[in-house]
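Source file: coords39.cif (mmCIF, N, CA and C atoms)
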data_start
#
loop_
_atom_site.label_atom_id
_atom_site.label_comp_id
_atom_site.auth_asym_id
_atom_site.auth_seq_id
_atom_site.Cartn_x
_atom_site.Cartn_y
_atom_site.Cartn_z
N MET A 102 -75.21 -195.08 3.36
CA MET A 102 -73.99 -195.82 3.07
C MET A 102 -74.10 -197.22 3.66
N VAL A 103 -73.44 -198.14 3.06
CA VAL A 103 -73.39 -199.50 3.57
C VAL A 103 -72.50 -199.51 4.81
N ASP A 104 -72.92 -200.24 5.84
CA ASP A 104 -72.14 -200.35 7.07
C ASP A 104 -71.00 -201.34 6.85
N VAL A 105 -69.76 -200.86 6.90
CA VAL A 105 -68.60 -201.73 6.71
C VAL A 105 -67.89 -201.98 8.03
N GLY A 106 -68.50 -201.54 9.15
CA GLY A 106 -67.86 -201.65 10.45
C GLY A 106 -67.54 -203.07 10.87
N GLY A 107 -68.30 -204.04 10.42
CA GLY A 107 -68.07 -205.43 10.78
C GLY A 107 -67.08 -206.15 9.88
N LYS A 108 -66.61 -205.49 8.84
CA LYS A 108 -65.68 -206.13 7.91
C LYS A 108 -64.26 -206.05 8.46
N ASP A 109 -63.44 -207.00 8.06
CA ASP A 109 -62.04 -207.02 8.48
C ASP A 109 -61.24 -205.95 7.75
N VAL A 110 -60.28 -205.38 8.45
CA VAL A 110 -59.33 -204.46 7.83
C VAL A 110 -58.30 -205.32 7.11
N THR A 111 -58.20 -205.16 5.79
CA THR A 111 -57.24 -205.92 4.99
C THR A 111 -56.58 -205.00 3.97
N ARG A 112 -55.46 -205.46 3.44
CA ARG A 112 -54.79 -204.74 2.36
C ARG A 112 -55.62 -204.92 1.09
N ARG A 113 -55.89 -203.80 0.43
CA ARG A 113 -56.73 -203.82 -0.77
C ARG A 113 -56.03 -203.05 -1.88
N ARG A 114 -56.21 -203.53 -3.10
CA ARG A 114 -55.57 -202.93 -4.26
C ARG A 114 -56.51 -203.03 -5.44
N ALA A 115 -56.50 -202.00 -6.30
CA ALA A 115 -57.33 -202.03 -7.51
C ALA A 115 -56.56 -201.37 -8.65
N VAL A 116 -56.80 -201.88 -9.85
CA VAL A 116 -56.19 -201.32 -11.07
C VAL A 116 -57.31 -201.05 -12.07
N ALA A 117 -57.37 -199.82 -12.55
CA ALA A 117 -58.35 -199.44 -13.58
C ALA A 117 -57.59 -198.95 -14.80
N ARG A 118 -58.23 -199.08 -15.95
CA ARG A 118 -57.61 -198.64 -17.20
C ARG A 118 -58.63 -197.92 -18.07
N ALA A 119 -58.11 -197.01 -18.88
CA ALA A 119 -58.92 -196.32 -19.89
C ALA A 119 -58.01 -195.99 -21.06
N ARG A 120 -58.61 -195.67 -22.17
CA ARG A 120 -57.86 -195.23 -23.35
C ARG A 120 -58.54 -193.98 -23.88
N ILE A 121 -57.75 -192.99 -24.24
CA ILE A 121 -58.27 -191.82 -24.92
C ILE A 121 -57.66 -191.81 -26.32
N THR A 122 -58.54 -191.89 -27.32
CA THR A 122 -58.08 -191.90 -28.70
C THR A 122 -58.03 -190.48 -29.23
N MET A 123 -57.15 -190.27 -30.20
CA MET A 123 -56.92 -188.93 -30.75
C MET A 123 -56.26 -189.06 -32.10
N GLN A 124 -56.11 -187.96 -32.79
CA GLN A 124 -55.39 -187.96 -34.04
C GLN A 124 -53.91 -188.24 -33.76
N ALA A 125 -53.25 -188.89 -34.71
CA ALA A 125 -51.83 -189.22 -34.54
C ALA A 125 -50.99 -187.97 -34.30
N GLU A 126 -51.36 -186.87 -34.94
CA GLU A 126 -50.61 -185.62 -34.76
C GLU A 126 -50.74 -185.10 -33.32
N THR A 127 -51.89 -185.31 -32.73
CA THR A 127 -52.10 -184.89 -31.35
C THR A 127 -51.24 -185.72 -30.40
N ALA A 128 -51.22 -187.02 -30.62
CA ALA A 128 -50.38 -187.91 -29.79
C ALA A 128 -48.91 -187.53 -29.92
N GLU A 129 -48.49 -187.19 -31.12
CA GLU A 129 -47.09 -186.79 -31.32
C GLU A 129 -46.79 -185.48 -30.58
N ALA A 130 -47.69 -184.51 -30.68
CA ALA A 130 -47.50 -183.24 -29.97
C ALA A 130 -47.46 -183.47 -28.45
N LEU A 131 -48.31 -184.33 -27.97
CA LEU A 131 -48.34 -184.67 -26.56
C LEU A 131 -47.04 -185.34 -26.13
N ARG A 132 -46.59 -186.30 -26.93
CA ARG A 132 -45.37 -187.05 -26.63
C ARG A 132 -44.15 -186.15 -26.53
N PHE A 133 -44.09 -185.13 -27.38
CA PHE A 133 -42.91 -184.27 -27.44
C PHE A 133 -43.12 -182.92 -26.76
N GLY A 134 -44.18 -182.80 -25.96
CA GLY A 134 -44.40 -181.60 -25.18
C GLY A 134 -44.72 -180.36 -25.98
N ARG A 135 -45.43 -180.54 -27.10
CA ARG A 135 -45.75 -179.40 -27.96
C ARG A 135 -47.23 -179.00 -27.89
N VAL A 136 -47.90 -179.34 -26.81
CA VAL A 136 -49.30 -178.93 -26.63
C VAL A 136 -49.28 -177.56 -25.95
N PRO A 137 -50.00 -176.58 -26.51
CA PRO A 137 -49.94 -175.20 -25.99
C PRO A 137 -50.24 -175.05 -24.49
N LYS A 138 -51.11 -175.90 -23.94
CA LYS A 138 -51.49 -175.74 -22.53
C LYS A 138 -50.41 -176.21 -21.56
N GLY A 139 -49.37 -176.90 -22.05
CA GLY A 139 -48.29 -177.30 -21.15
C GLY A 139 -48.05 -178.80 -21.13
N ASP A 140 -47.43 -179.27 -20.05
CA ASP A 140 -47.03 -180.67 -19.90
C ASP A 140 -48.26 -181.52 -19.55
N VAL A 141 -48.91 -182.00 -20.59
CA VAL A 141 -50.17 -182.72 -20.45
C VAL A 141 -50.02 -183.96 -19.56
N LEU A 142 -48.99 -184.73 -19.77
CA LEU A 142 -48.84 -185.98 -19.03
C LEU A 142 -48.62 -185.73 -17.54
N ALA A 143 -47.81 -184.75 -17.20
CA ALA A 143 -47.57 -184.43 -15.79
C ALA A 143 -48.85 -183.94 -15.12
N VAL A 144 -49.57 -183.06 -15.79
CA VAL A 144 -50.80 -182.52 -15.21
C VAL A 144 -51.85 -183.62 -15.07
N ALA A 145 -51.99 -184.48 -16.08
CA ALA A 145 -52.97 -185.57 -16.02
C ALA A 145 -52.65 -186.53 -14.89
N ARG A 146 -51.37 -186.81 -14.69
CA ARG A 146 -50.96 -187.71 -13.61
C ARG A 146 -51.36 -187.13 -12.25
N VAL A 147 -51.06 -185.86 -12.02
CA VAL A 147 -51.40 -185.22 -10.75
C VAL A 147 -52.93 -185.12 -10.59
N ALA A 148 -53.64 -184.81 -11.67
CA ALA A 148 -55.10 -184.73 -11.61
C ALA A 148 -55.71 -186.08 -11.21
N GLY A 149 -55.18 -187.16 -11.76
CA GLY A 149 -55.67 -188.49 -11.40
C GLY A 149 -55.44 -188.81 -9.94
N ILE A 150 -54.26 -188.48 -9.44
CA ILE A 150 -53.95 -188.72 -8.03
C ILE A 150 -54.89 -187.91 -7.14
N GLN A 151 -55.06 -186.64 -7.47
CA GLN A 151 -55.94 -185.78 -6.67
C GLN A 151 -57.39 -186.30 -6.71
N ALA A 152 -57.82 -186.76 -7.86
CA ALA A 152 -59.19 -187.29 -7.99
C ALA A 152 -59.39 -188.52 -7.12
N ALA A 153 -58.41 -189.41 -7.09
CA ALA A 153 -58.52 -190.61 -6.24
C ALA A 153 -58.71 -190.20 -4.79
N LYS A 154 -57.98 -189.18 -4.36
CA LYS A 154 -58.07 -188.72 -2.97
C LYS A 154 -59.42 -188.10 -2.65
N ARG A 155 -60.15 -187.64 -3.67
CA ARG A 155 -61.43 -186.95 -3.44
C ARG A 155 -62.64 -187.77 -3.90
N THR A 156 -62.44 -189.04 -4.14
CA THR A 156 -63.52 -189.88 -4.67
C THR A 156 -64.78 -189.82 -3.82
N SER A 157 -64.64 -189.89 -2.51
CA SER A 157 -65.84 -189.90 -1.66
C SER A 157 -66.61 -188.58 -1.71
N GLU A 158 -65.97 -187.51 -2.16
CA GLU A 158 -66.66 -186.23 -2.33
C GLU A 158 -67.41 -186.17 -3.66
N LEU A 159 -67.00 -187.00 -4.60
CA LEU A 159 -67.58 -186.98 -5.95
C LEU A 159 -68.64 -188.05 -6.17
N ILE A 160 -68.47 -189.20 -5.55
CA ILE A 160 -69.37 -190.34 -5.76
C ILE A 160 -70.25 -190.49 -4.51
N PRO A 161 -71.56 -190.28 -4.63
CA PRO A 161 -72.43 -190.42 -3.46
C PRO A 161 -72.33 -191.82 -2.85
N LEU A 162 -72.35 -191.88 -1.54
CA LEU A 162 -72.35 -193.12 -0.77
C LEU A 162 -71.03 -193.89 -0.83
N CYS A 163 -69.99 -193.28 -1.36
CA CYS A 163 -68.67 -193.90 -1.41
C CYS A 163 -67.94 -193.55 -0.11
N HIS A 164 -67.41 -194.55 0.57
CA HIS A 164 -66.72 -194.32 1.84
C HIS A 164 -65.41 -193.56 1.63
N PRO A 165 -65.10 -192.60 2.52
CA PRO A 165 -63.78 -191.97 2.46
C PRO A 165 -62.72 -192.97 2.94
N LEU A 166 -61.63 -193.07 2.21
CA LEU A 166 -60.58 -194.03 2.54
C LEU A 166 -59.25 -193.33 2.75
N MET A 167 -58.42 -193.91 3.59
CA MET A 167 -57.05 -193.46 3.76
C MET A 167 -56.21 -194.24 2.75
N LEU A 168 -55.93 -193.61 1.63
CA LEU A 168 -55.15 -194.27 0.58
C LEU A 168 -53.69 -194.34 0.99
N SER A 169 -53.08 -195.50 0.77
CA SER A 169 -51.65 -195.63 1.06
C SER A 169 -50.82 -195.41 -0.20
N SER A 170 -51.45 -195.56 -1.38
CA SER A 170 -50.72 -195.36 -2.63
C SER A 170 -51.69 -195.11 -3.77
N VAL A 171 -51.32 -194.18 -4.63
CA VAL A 171 -52.01 -193.95 -5.90
C VAL A 171 -50.93 -193.74 -6.96
N VAL A 172 -50.97 -194.56 -8.00
CA VAL A 172 -50.02 -194.43 -9.10
C VAL A 172 -50.82 -194.31 -10.39
N VAL A 173 -50.53 -193.29 -11.17
CA VAL A 173 -51.17 -193.10 -12.47
C VAL A 173 -50.10 -193.20 -13.54
N ASP A 174 -50.22 -194.21 -14.40
CA ASP A 174 -49.27 -194.41 -15.50
C ASP A 174 -49.94 -194.03 -16.81
N LEU A 175 -49.20 -193.35 -17.67
CA LEU A 175 -49.70 -192.91 -18.97
C LEU A 175 -48.74 -193.38 -20.05
N VAL A 176 -49.27 -194.05 -21.07
CA VAL A 176 -48.46 -194.53 -22.18
C VAL A 176 -49.04 -193.95 -23.46
N VAL A 177 -48.22 -193.19 -24.17
CA VAL A 177 -48.66 -192.56 -25.42
C VAL A 177 -48.39 -193.52 -26.57
N GLY A 178 -49.46 -193.85 -27.30
CA GLY A 178 -49.35 -194.69 -28.48
C GLY A 178 -49.41 -193.86 -29.75
N HIS A 179 -49.60 -194.52 -30.88
CA HIS A 179 -49.63 -193.84 -32.18
C HIS A 179 -50.75 -192.81 -32.25
N ALA A 180 -51.94 -193.16 -31.79
CA ALA A 180 -53.08 -192.25 -31.84
C ALA A 180 -53.96 -192.42 -30.60
N TRP A 181 -53.32 -192.61 -29.46
CA TRP A 181 -54.04 -192.81 -28.22
C TRP A 181 -53.10 -192.62 -27.03
N VAL A 182 -53.72 -192.51 -25.86
CA VAL A 182 -52.98 -192.57 -24.59
C VAL A 182 -53.69 -193.60 -23.72
N ASP A 183 -52.93 -194.57 -23.25
CA ASP A 183 -53.47 -195.54 -22.30
C ASP A 183 -53.21 -195.01 -20.89
N VAL A 184 -54.25 -195.04 -20.08
CA VAL A 184 -54.19 -194.56 -18.70
C VAL A 184 -54.40 -195.76 -17.79
N GLU A 185 -53.52 -195.92 -16.81
CA GLU A 185 -53.70 -196.97 -15.81
C GLU A 185 -53.52 -196.36 -14.43
N ALA A 186 -54.47 -196.60 -13.55
CA ALA A 186 -54.41 -196.10 -12.18
C ALA A 186 -54.44 -197.28 -11.22
N THR A 187 -53.50 -197.28 -10.29
CA THR A 187 -53.42 -198.31 -9.26
C THR A 187 -53.58 -197.64 -7.91
N THR A 188 -54.52 -198.13 -7.12
CA THR A 188 -54.77 -197.58 -5.80
C THR A 188 -54.62 -198.67 -4.75
N GLU A 189 -54.15 -198.27 -3.57
CA GLU A 189 -53.97 -199.22 -2.48
C GLU A 189 -54.39 -198.60 -1.15
N THR A 190 -54.86 -199.45 -0.26
CA THR A 190 -55.22 -199.03 1.10
C THR A 190 -55.16 -200.25 2.01
N VAL A 191 -55.19 -199.99 3.30
CA VAL A 191 -55.45 -201.02 4.30
C VAL A 191 -56.69 -200.52 5.02
N ASP A 192 -57.83 -201.15 4.71
CA ASP A 192 -59.11 -200.62 5.21
C ASP A 192 -60.17 -201.71 5.16
N ARG A 193 -61.43 -201.30 5.40
CA ARG A 193 -62.56 -202.23 5.45
C ARG A 193 -63.34 -202.32 4.14
N THR A 194 -63.01 -201.50 3.18
CA THR A 194 -63.72 -201.52 1.91
C THR A 194 -62.74 -201.29 0.77
N GLY A 195 -63.13 -201.70 -0.43
CA GLY A 195 -62.23 -201.69 -1.57
C GLY A 195 -61.92 -200.32 -2.14
N VAL A 196 -60.93 -200.29 -3.01
CA VAL A 196 -60.46 -199.05 -3.63
C VAL A 196 -60.74 -199.01 -5.13
N GLU A 197 -61.73 -199.79 -5.58
CA GLU A 197 -62.05 -199.81 -7.00
C GLU A 197 -62.51 -198.44 -7.51
N MET A 198 -63.39 -197.79 -6.76
CA MET A 198 -63.91 -196.49 -7.21
C MET A 198 -62.82 -195.44 -7.27
N GLU A 199 -61.86 -195.52 -6.37
CA GLU A 199 -60.74 -194.57 -6.39
C GLU A 199 -59.88 -194.78 -7.63
N ALA A 200 -59.64 -196.03 -8.01
CA ALA A 200 -58.86 -196.31 -9.22
C ALA A 200 -59.62 -195.85 -10.47
N LEU A 201 -60.91 -196.13 -10.53
CA LEU A 201 -61.72 -195.71 -11.68
C LEU A 201 -61.81 -194.19 -11.77
N THR A 202 -61.95 -193.53 -10.65
CA THR A 202 -62.03 -192.07 -10.64
C THR A 202 -60.70 -191.46 -11.08
N ALA A 203 -59.60 -191.98 -10.57
CA ALA A 203 -58.28 -191.49 -10.98
C ALA A 203 -58.09 -191.63 -12.48
N CYS A 204 -58.46 -192.79 -12.99
CA CYS A 204 -58.30 -193.08 -14.42
C CYS A 204 -59.15 -192.14 -15.27
N SER A 205 -60.39 -191.97 -14.89
CA SER A 205 -61.28 -191.13 -15.70
C SER A 205 -60.88 -189.66 -15.65
N VAL A 206 -60.50 -189.15 -14.49
CA VAL A 206 -60.10 -187.74 -14.40
C VAL A 206 -58.78 -187.50 -15.12
N ALA A 207 -57.86 -188.44 -15.07
CA ALA A 207 -56.61 -188.29 -15.83
C ALA A 207 -56.93 -188.21 -17.33
N ALA A 208 -57.81 -189.08 -17.81
CA ALA A 208 -58.20 -189.05 -19.23
C ALA A 208 -58.92 -187.76 -19.58
N LEU A 209 -59.81 -187.30 -18.72
CA LEU A 209 -60.52 -186.04 -18.97
C LEU A 209 -59.57 -184.84 -18.97
N THR A 210 -58.54 -184.90 -18.16
CA THR A 210 -57.54 -183.83 -18.14
C THR A 210 -56.79 -183.79 -19.46
N ILE A 211 -56.45 -184.96 -19.99
CA ILE A 211 -55.80 -185.01 -21.30
C ILE A 211 -56.72 -184.39 -22.34
N TYR A 212 -57.99 -184.76 -22.29
CA TYR A 212 -58.97 -184.20 -23.23
C TYR A 212 -59.00 -182.68 -23.11
N ASP A 213 -59.12 -182.18 -21.90
CA ASP A 213 -59.20 -180.73 -21.68
C ASP A 213 -57.97 -180.01 -22.22
N MET A 214 -56.81 -180.55 -21.97
CA MET A 214 -55.58 -179.86 -22.36
C MET A 214 -55.29 -179.96 -23.85
N CYS A 215 -55.88 -180.94 -24.52
CA CYS A 215 -55.62 -181.13 -25.96
C CYS A 215 -56.79 -180.72 -26.85
N LYS A 216 -57.92 -180.35 -26.28
CA LYS A 216 -59.12 -180.10 -27.09
C LYS A 216 -58.95 -178.95 -28.07
N ALA A 217 -58.07 -178.01 -27.80
CA ALA A 217 -57.85 -176.90 -28.73
C ALA A 217 -57.20 -177.36 -30.03
N VAL A 218 -56.48 -178.48 -29.97
CA VAL A 218 -55.82 -178.98 -31.18
C VAL A 218 -56.51 -180.19 -31.78
N ASP A 219 -57.45 -180.81 -31.02
CA ASP A 219 -58.10 -182.03 -31.52
C ASP A 219 -59.45 -182.23 -30.83
N ARG A 220 -60.51 -181.91 -31.52
CA ARG A 220 -61.85 -182.09 -30.95
C ARG A 220 -62.40 -183.50 -31.20
N SER A 221 -61.66 -184.33 -31.90
CA SER A 221 -62.14 -185.68 -32.22
C SER A 221 -61.79 -186.71 -31.15
N MET A 222 -61.15 -186.30 -30.08
CA MET A 222 -60.73 -187.26 -29.05
C MET A 222 -61.94 -187.95 -28.42
N SER A 223 -61.69 -189.16 -27.91
CA SER A 223 -62.75 -189.93 -27.28
C SER A 223 -62.17 -190.76 -26.14
N VAL A 224 -62.79 -190.68 -24.96
CA VAL A 224 -62.39 -191.52 -23.84
C VAL A 224 -63.14 -192.83 -23.97
N GLU A 225 -62.39 -193.93 -23.97
CA GLU A 225 -62.97 -195.25 -24.23
C GLU A 225 -62.46 -196.29 -23.23
N SER A 226 -63.17 -197.37 -23.14
CA SER A 226 -62.71 -198.57 -22.45
C SER A 226 -62.36 -198.36 -20.98
N LEU A 227 -63.07 -197.49 -20.27
CA LEU A 227 -62.82 -197.33 -18.84
C LEU A 227 -63.35 -198.56 -18.13
N GLY A 228 -62.51 -199.16 -17.31
CA GLY A 228 -62.98 -200.32 -16.56
C GLY A 228 -61.99 -200.78 -15.51
N LEU A 229 -62.50 -201.56 -14.58
CA LEU A 229 -61.66 -202.19 -13.57
C LEU A 229 -60.95 -203.37 -14.21
N HIS A 230 -59.66 -203.50 -13.97
CA HIS A 230 -58.92 -204.61 -14.55
C HIS A 230 -58.48 -205.64 -13.53
N GLU A 231 -58.31 -205.21 -12.29
CA GLU A 231 -58.04 -206.19 -11.24
C GLU A 231 -58.28 -205.57 -9.88
N LYS A 232 -58.56 -206.44 -8.92
CA LYS A 232 -58.69 -206.02 -7.53
C LYS A 232 -58.21 -207.16 -6.65
N SER A 233 -57.73 -206.79 -5.48
CA SER A 233 -57.33 -207.82 -4.52
C SER A 233 -57.66 -207.35 -3.12
N GLY A 234 -57.82 -208.33 -2.24
CA GLY A 234 -58.14 -208.04 -0.85
C GLY A 234 -59.63 -208.07 -0.59
N GLY A 235 -59.96 -208.14 0.67
CA GLY A 235 -61.36 -208.11 1.06
C GLY A 235 -62.02 -209.47 1.03
N ARG A 236 -63.28 -209.46 1.41
CA ARG A 236 -64.07 -210.68 1.54
C ARG A 236 -64.23 -211.42 0.21
N SER A 237 -64.39 -210.65 -0.88
CA SER A 237 -64.63 -211.30 -2.19
C SER A 237 -63.35 -211.79 -2.85
N GLY A 238 -62.19 -211.50 -2.27
CA GLY A 238 -60.93 -212.03 -2.78
C GLY A 238 -60.43 -211.31 -4.01
N ASP A 239 -59.61 -212.02 -4.78
CA ASP A 239 -58.96 -211.43 -5.95
C ASP A 239 -59.82 -211.61 -7.19
N TRP A 240 -59.69 -210.64 -8.11
CA TRP A 240 -60.44 -210.67 -9.37
C TRP A 240 -59.58 -210.03 -10.44
N ARG A 241 -59.59 -210.63 -11.63
CA ARG A 241 -58.87 -210.09 -12.79
C ARG A 241 -59.78 -210.13 -14.00
N ARG A 242 -59.80 -209.05 -14.77
CA ARG A 242 -60.62 -209.00 -15.99
C ARG A 242 -60.23 -210.12 -16.95
N ASP A 243 -58.95 -210.46 -17.01
CA ASP A 243 -58.50 -211.53 -17.91
C ASP A 243 -59.23 -212.84 -17.62
N ASP A 244 -59.61 -213.02 -16.35
CA ASP A 244 -60.32 -214.23 -15.95
C ASP A 244 -61.82 -214.15 -16.21
N HIS A 245 -62.33 -212.94 -16.50
CA HIS A 245 -63.76 -212.71 -16.69
C HIS A 245 -63.99 -211.81 -17.90
N PRO A 246 -63.70 -212.28 -19.11
CA PRO A 246 -63.87 -211.42 -20.28
C PRO A 246 -65.32 -210.99 -20.46
N ALA A 247 -65.49 -209.80 -21.01
CA ALA A 247 -66.84 -209.26 -21.21
C ALA A 247 -67.60 -210.02 -22.26
#
Can you give me the file's structure in the form of C-alpha cells?
Amino acid sequence: MVDVGGKDVTRRRAVARARITMQAETAEALRFGRVPKGDVLAVARVAGIQAAKRTSELIPLCHPLMLSSVVVDLVVGHAWVDVEATTETVDRTGVEMEALTACSVAALTIYDMCKAVDRSMSVESLGLHEKSGGRSGDWRRDDHPA
C-alpha cells in the first residue's frame, strides 16, 4: 500500500455515477414496485452503502477509511436507472474508490433483482464525476471531458 502517513488530514468528497439500461417495461415495474424480488430501489441503496463501507476488503491495496457519509441516489428513467453515490470522509486519502464501489454494487443489485424479468440490462457509464479535498484539490468531469 502507498504510505499516506505524511499526508494532511482533510475533508474529502467524491461523486460517482453509473447507468443501468433496461427495457421500458422493466423500468416501469421497478418504478411501481412490481418486481417479484421486492423493493429493488431500497435494496440497491442499502447494498451501495454497504459496499462503500467494505471497499478496502474488495479492492487490493485500498486503504480502509472511516466514512462520515455515504448517500446513494437512484433515479428511474424511461428505460434506465441512474445511480449516483456520494462519499465523504475526513482522512489522509480520497474516497473515490468508495464512491465507485457503491455505485457499481448498487447497479449490480438492480441487475440481480431484475434479471428474471429482463436479461437485456446493461451497466454503463460508470465513472468518477467529481472529487474534492486532498493534495490534488478539486476535480470535476465537466471540466475534463473524455
task = Please evaluate the PyMOL selection byres ((chain A and resi 182-188) around 7) against the structure above and give the resulting residues as a count of residues only.
result = 35
Chain and number of each residue from the PyMOL selection byres (((chain A and resi 162 and name CA) around 6) and name CA), as an NGL selection string = :A and (102 or 161 or 163)
task = Pull out every residue that the PyMOL selection byres (((chain A and resi 131-139 and name CA) around 10) and name CA) matches in the shown coordinates and put them as JSON, numbers by chain.
result = {"A": [125, 126, 127, 128, 129, 130, 140, 141, 142, 143, 144, 176, 177, 178, 179, 182, 211, 213, 214, 215, 216, 217, 218]}
task = Within region 113-241 of chain A, find each residue whose DSSP state, derived from the backbone, is strand (DSSP E), and express the selection as a ChimeraX atom specification.
result = /A:113-122,168-177,181-192,223-233,240-241
query = So which residues touch region 235-239 of chain A within 6.5 Å, counting all atoms listed in the file, skipping near sequence neighbours fewer than 3 positions away, as a list in words?
reply =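 Residues near the query, excluding close chain neighbours: Thr111, Arg112, Arg113 and Lys232 of chain A.
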task = Could you check how far atom N of Ser157 (chain A) sits from CA of Val110 (chain A), in Å to one decimal?
result =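 CA of Val110 (chain A) lies 18.6 Å from atom N of Ser157 (chain A).
Between Asp109 (chain A) and the residues A:His230, A:Arg193, A:Arg241, A:Arg220, the shortest atom-to-atom distance, using all atoms listed in the file, involves A:Arg193.
Going from CA of Met167 (chain A) over to CA of Asp104 (chain A), you cover 16.9 Å.
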ask   = What is the atom C of Thr156 (chain A) to atom C of Ser233 (chain A) distance in Å?
value =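 It comes out at 18.9 Å.
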inquiry  = Could you pull out the helix (DSSP H, G or I) residues of region 131-245 of chain A, going by DSSP on the backbone, and write them as a VMD selection string?
reply    = chain A and resid 131 to 132 141 to 154 156 to 159 197 to 215 242 to 244
query = Given the choices A:Ala145, A:Val105, A:Ile150, A:Val224, which gets closest to Pro165 (chain A) if the distance is worked out from only C-alpha atoms?
reply = A:Val105
